[in-house]
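Below is one structure, written out as structure tokens, with a few remarks after it.
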Amino acid sequence: MAEQTNTIVDDRRVTEPTDVGAARPKARSIKPLALLWPYVRKHLGLVFVAAIFLVISTLAALSIPLLFGQAVDAGVDGERGANLLEAIDRHFMLVLAAAIVMGILSALRFYFVSRFGERVAADLRVDLYHKLLSLSPRFHANIRSGEAVSRLTADVTLIETFLGSSASLATRTLLSTFGAIVMMLVTNWKLGGALLLMIPLAILPVLLIGRVIRGASNVSQARLAEAGAEASEALDAVELVQAYGQEPHREKTFSNAAEAVFKAAVRRITARSFMILTVSVMLLGGMVGILWLGARAVATGQMTPGALTQMILYAFYAGSGFGMLAEVWGEVMRAAGASDRASEILAETPDIQAPTSPVSLPTPTTGRLVFNNVNFAYDGPDGPALKSFSLDARPGEFIALVGPSGAGKSTVFRLALRLFDTQDGSVTLDGVRSVDVDPGEWRSQFAYAPQESALFTGSARDNIAFGASGPVTDEELKRAAIMAEAWSFLEDKGGLDADIGQKGRSLSGGQRQRIALARALVRQAPVLLLDEATSALDSESEGLVQKAIATAAEGRTTLVIAHRLSTIRRADRIIVMEHGEIVEEGTHDMLVGKGGLYARLASMQFTADVSE
């Protein structure tokens, strides 16, 4: 059974498998390669050009043994003196010309085939990335990020190698091997027929052991993805790892993952080695026998030395071709395994999809957001996250959601953004249900600042402009940064061109949060969702950002999740949640006067603030 880890979703713990791919049975055939046909079909022009050069270069290669045989016979049977030398020179010049033509055509074949492989790999990566971005958080909660990245990188690289190298090599080898056998039959049908009888014996181990190789390749790729995911998680949290002195533990965990990769690779390598050994011994033994018979035929005058030379070279072509096919077959099976894993992603159906006939939202959208008797539960054994939840947020209203961890506050935001769909009830914006609208159009009406201020490597301009729904000027970006109290530190770092480092790690927690807030403020959306927008700020900055939020909230429907109750005193309404239900509702003063859950939370927090 796959090892499992735990993750927190809206303060609710769910169990997730660490290896989604390994949990599913693998077909032991090359059928998964059918996934590649739509991509191949889009570039048949490249395939056709590459095929022309492949066929012509193979014919040029097959002409070389024939020309060598003629050169040998010319030297043995030709006239003496100058005529003999001329004949030898003429035949060897033809061999040289054939070799040059073969080299040129092979280079052209390599260029077009490699370009084709890279093109298909790029298209496949884009489609995989598009599908991963389209899948809901429910899917991503059940697959490690390193596993998903492995599908984009390692697996597609195997497919690219197959299309850009192995497939071409296999086709060329098949053509040259078949051509060599035909020429052997033409040269001497008895010896050629004897070699032909060896083919089934050589193919059988290729097919049988190829199945083992593919299974081992699947396991190897899965273990490699696990090792990558382990490294990614540890390096992303390197400060935490070092702070807790967990370097030895994480190193041991990664070492175990790397050892699993090695063991899986050894099983695959062992199978391939055995296949190559079997095929090589059988074919080389057969070639030795055939050449022995050929030498006897020359000795008895049944065959010319030139014909024997042709036979030797064609037998070498055929024998090495079968050996090459045995090796290429291993690559084909690895590519089939990679295609199988990639197809798992492409076959996933997004939980959130546009309806067949989407409804357009009113223009302009006023921002009236209504939850009508909503019930929702995450996958897993935990109870419902929301139970009969109803909320009518009127245009321009400032509403705060408060309550203990696990109350369902973040779930409200996820349903508002349609990252999940309700199981019962509905979410509407200006009277239009979320499920009736294209997800892209629906989400364009929301500006969102999450509690964990995820930033991207690059400049402050890139990160703030990320929130804009269309083209945005530097003045608008600067205005958003000023409103979010981010301009004061950005100006010292170079303004909008400031490099914020890898995932914003050159900034403090409070600075990262202010960049995330600016990203939300630059989006001209009628609904603003702020999840603990001031949790990482000091008291002075918090006061300034509260003013910025108040300014940004004017004319917008604003929902704020807040644990620091000082940030929501001015809210038009405070919704107090517990166990997925609304237990209290009112203004700050009203709720404090009731002496309920909100009053207890406020009392504990304000007492703690005073003691600090």
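Ordered as shown in the structure tokens, chains take letters A, B, and onward, while each chain numbers its residues from 1 and ligands are numbered from 1 in the order shown.
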
Practice item. Can you list, as a PyMOL selection string, all residues belonging to region 435-571 of chain A that DSSP tags as alpha helix (DSSP H)? Key: chain A and resi 439-443+460-465+474-483+487-493+509-521+539-553

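You can rank A:Ala297, A:Leu62, A:Met324, A:Leu419 by their closest distance to Ile352 (chain A) using only C-alpha atoms, and at the top of that list sits A:Leu419.
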
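Between CA of Ala550 (chain A) and CA of Leu521 (chain A) the interatomic distance comes to 11.3 Å.
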
Exercise for review: Using only C-alpha atoms, pick whichever of A:Ser357, A:Ala264, A:Leu191, A:Leu325 has the shortest atom-to-atom distance to Ile290 (chain A).
Suggested key: A:Leu191

Practice item. Can you pull out every residue within 8 Å of Gly367 (chain A), counting only C-alpha atoms, but drop anything in the same chain fewer than 5 positions away, and send it as an MDAnalysis selection string? Key: chainID A and resid 394:396 429:430 445 526:527 556:557

What would the file look like if the residues just selected were written as a PDB file, in the first residue's frame with C-alpha atoms?
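As a result, part-v2.pdb now contains:
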```
ATOM      1  CA  ARG A 394     -25.404  43.317  -0.529  1.00  0.00           C
ATOM      2  CA  PRO A 395     -23.509  45.522  -2.996  1.00  0.00           C
ATOM      3  CA  GLY A 396     -20.913  47.667  -1.233  1.00  0.00           C
ATOM      4  CA  LEU A 429     -23.891  36.751  -8.015  1.00  0.00           C
ATOM      5  CA  ASP A 430     -26.446  39.364  -9.025  1.00  0.00           C
ATOM      6  CA  GLN A 445     -15.655  39.334 -10.644  1.00  0.00           C
ATOM      7  CA  PRO A 526     -16.958  44.145  -7.657  1.00  0.00           C
ATOM      8  CA  VAL A 527     -16.293  41.591  -4.900  1.00  0.00           C
ATOM      9  CA  ARG A 556     -17.304  46.861  -3.599  1.00  0.00           C
ATOM     10  CA  THR A 557     -18.839  43.970  -1.736  1.00  0.00           C
TER      11      THR A 557
END
```

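For the residues A:Ser405, A:Leu591, A:Gln513, A:Arg341, ranking by smallest atom-to-atom distance to Ile561 (chain A) using only C-alpha atoms places A:Ser405 first.
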
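The closest residue to Ala481 (chain A), picked from A:Gly504, A:Leu517, A:Leu369, A:Leu313 and counting only C-alpha atoms, is A:Leu517.
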
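Nearest residue to Met333 (chain A), choosing from A:Ala480, A:Val472, A:Leu158, A:Val298 and counting only C-alpha atoms: A:Leu158.
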
Practice item. Please provide the set of residues having any atom within 12 Å of Leu59 (chain A), restricted to only C-alpha atoms, with same-chain residues fewer than 5 positions apart removed, written as a PyMOL selection string. Key: chain A and resi 52-54+64-66+98-99+101-103+105-106+172-173+175-180+183

**Study point:** Selected residue, from A:Ala562, A:Val72, A:Leu132, A:Val412, that lies nearest to Leu308 (chain A) when counting only C-alpha atoms
**Key:** A:Val72

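By only C-alpha atoms, and with residues fewer than 5 positions from Arg223 (chain A) along its chain excluded, the set lying at most 7 Å from it is Ala257, Ala260 and Val261 of chain A.
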